[in-house]
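Undergrad: For reference, the structure I am asking about is given below.
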Amino acid sequence: MYTLSLDPADVDLDATHAFLSRTYWSEGLRRDIHERAVRNSLVCSALHADARGRRSQIGFARAVTDLATFAWIADVYVLPEHRGHGLARRMVRALLGHPDLAHLRRAVLATRDAHGVYAPLGFNPLGESAALWMERRFPDDNWREPTQAPRPSA
């Protein structure tokens with residue numbers, strides 16, 4: 001059985017960090033940086049209860065927001081073995097339905113390959129608006145684990 005929770009206490013920081021630190025968008029993410037990001041965001045956990053009722057974290061999403069007009073949906077994932085049940089869409093819908101986000105003017109997200117997941121929630125490609133948006137990237141060592149020396153080949 002799947003349940004969603006907006007309670008930050010339900011986030012399994014070890015599980016979410018383990019997954020996110022291996023994704024294309026957060027590869028090498030430091031644990032302390034992940035914990036701070038979770039603490040300063042609205043969060044949604046997708047939880048699965050086994051036959052004995054033990055819950056485990058199988059999905060996650062967060063909203064970085066000013067709690068007034070803007071939100072950036074980030075770090076959305078569902079473990080591969082639990083995909084296909086609409087959980088990513090349900091988590092984003094739950095975040096956007098949060099009472100603190102009732103007056104949003106804009107919500108954004110970035111995805112390489114899940115446009116079809118978010119389109120039914122009203123997300124559209126930026127198109128011409130892309131020229132309005134700019135970004136500044138900071139050095140990876142601000143947030144990423146230090147690079148380990150390559151292993152010698154056997």
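Identifiers in the structure tokens: chain A, B, ... in order shown; residue index from 1 per chain; ligand index from 1 in order shown.
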I'd like the neighbourhood of A:Arg83 as a ChimeraX atom specification, where a residue qualifies if any of its atoms comes within 12 Å (using only C-alpha atoms), though same-chain residues fewer than 4 positions away should be ignored.
TA: /A:2,46,58-59,77-79,87-90,117
Undergrad: Tell me, as a PyMOL selection string, which residues lie within 12 Å of A:Asp75, counting only C-alpha atoms; anything in the same chain fewer than 2 positions away does not count.
TA: chain A and resi 16-17+19-27+29+34+37-38+41-45+59-64+72-73+77-78+88+91-92+109-111
Undergrad: Would you mind reading off the distance between atom CA of A:Arg106 and atom CA of A:Phe138, one decimal, in Å?
TA: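 Interatomic distance, atom CA of A:Arg106 to atom CA of A:Phe138: 24.2 Å.
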Undergrad: For the alpha helix (DSSP H) assignment from backbone DSSP, which residues of chain A qualify? Please present them as a PyMOL selection string.
TA: chain A and resi 13-20+31-39+87-96+115-118
Undergrad: Please, what distance in Å, to one decimal, runs between atom CA of A:Ala119 and atom CA of A:Ala94?
TA: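 Computing it gives 15.4 Å between the two atoms.
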Undergrad: Which value, in Å to one decimal, gives the distance between atom CA of A:Asp66 and atom CA of A:Asp32?
TA: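 Computing it gives 22.1 Å between the two atoms.
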Undergrad: Check the smallest atom-to-atom distance from each of A:Met1, A:Ala71, A:Ala9, A:Ala18 to A:Val108 using only C-alpha atoms, then report the winner.
TA: A:Ala71
Undergrad: Which is closest to A:Leu4 among A:Ser56, A:Asn142, A:Asn40, A:Thr69, if we use only C-alpha atoms?
TA: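 With only C-alpha atoms as the atom set, the closest residue is A:Ser56.
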Undergrad: Select, from A:Thr3, A:Trp143, A:Thr65, A:Gly28, the residue with the minimum atom-to-atom distance to A:Ala102, counting only C-alpha atoms.
TA: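 Answer, going by the shortest atom-to-atom distance: A:Thr65.
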Undergrad: Report the residues of stretch 23-136 of chain A whose backbone DSSP state falls under strand (DSSP E), written as a ChimeraX atom specification.
TA: /A:42-49,55-65,70-78,106-109
Undergrad: Using only C-alpha atoms, please write the residues we just selected to a file, as a short mmCIF file (atom, residue, chain, number, x, y, z; two decimals), in the first residue's frame.
TA:
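Below is the file again.cif, written as the result:
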```
data_model
loop_
_atom_site.label_atom_id
_atom_site.label_comp_id
_atom_site.auth_asym_id
_atom_site.auth_seq_id
_atom_site.Cartn_x
_atom_site.Cartn_y
_atom_site.Cartn_z
CA LEU A 42 8.21 21.74 1.62
CA VAL A 43 8.50 17.98 1.17
CA CYS A 44 6.40 15.04 0.07
CA SER A 45 7.33 11.44 0.75
CA ALA A 46 5.89 8.42 -1.02
CA LEU A 47 5.88 5.55 1.44
CA HIS A 48 5.21 1.86 0.92
CA ALA A 49 3.98 -0.43 3.69
CA ARG A 55 6.88 1.76 5.93
CA SER A 56 9.79 2.56 3.66
CA GLN A 57 10.61 5.61 1.56
CA ILE A 58 10.09 4.77 -2.12
CA GLY A 59 9.66 8.29 -3.52
CA PHE A 60 10.33 11.91 -2.75
CA ALA A 61 9.69 15.43 -4.03
CA ARG A 62 10.27 18.88 -2.63
CA ALA A 63 9.20 22.45 -3.31
CA VAL A 64 11.65 25.30 -2.95
CA THR A 65 9.42 28.31 -2.42
CA PHE A 70 6.81 31.07 -6.57
CA ALA A 71 7.78 27.41 -6.22
CA TRP A 72 10.39 25.26 -7.86
CA ILE A 73 9.58 21.56 -7.78
CA ALA A 74 12.80 19.59 -7.36
CA ASP A 75 14.28 16.18 -6.61
CA VAL A 76 11.23 14.20 -7.71
CA TYR A 77 11.89 10.48 -7.85
CA VAL A 78 10.21 7.11 -7.40
CA ARG A 106 4.37 30.39 -11.01
CA ALA A 107 5.75 26.93 -10.40
CA VAL A 108 8.64 25.54 -12.40
CA LEU A 109 10.49 22.28 -12.66
#
```
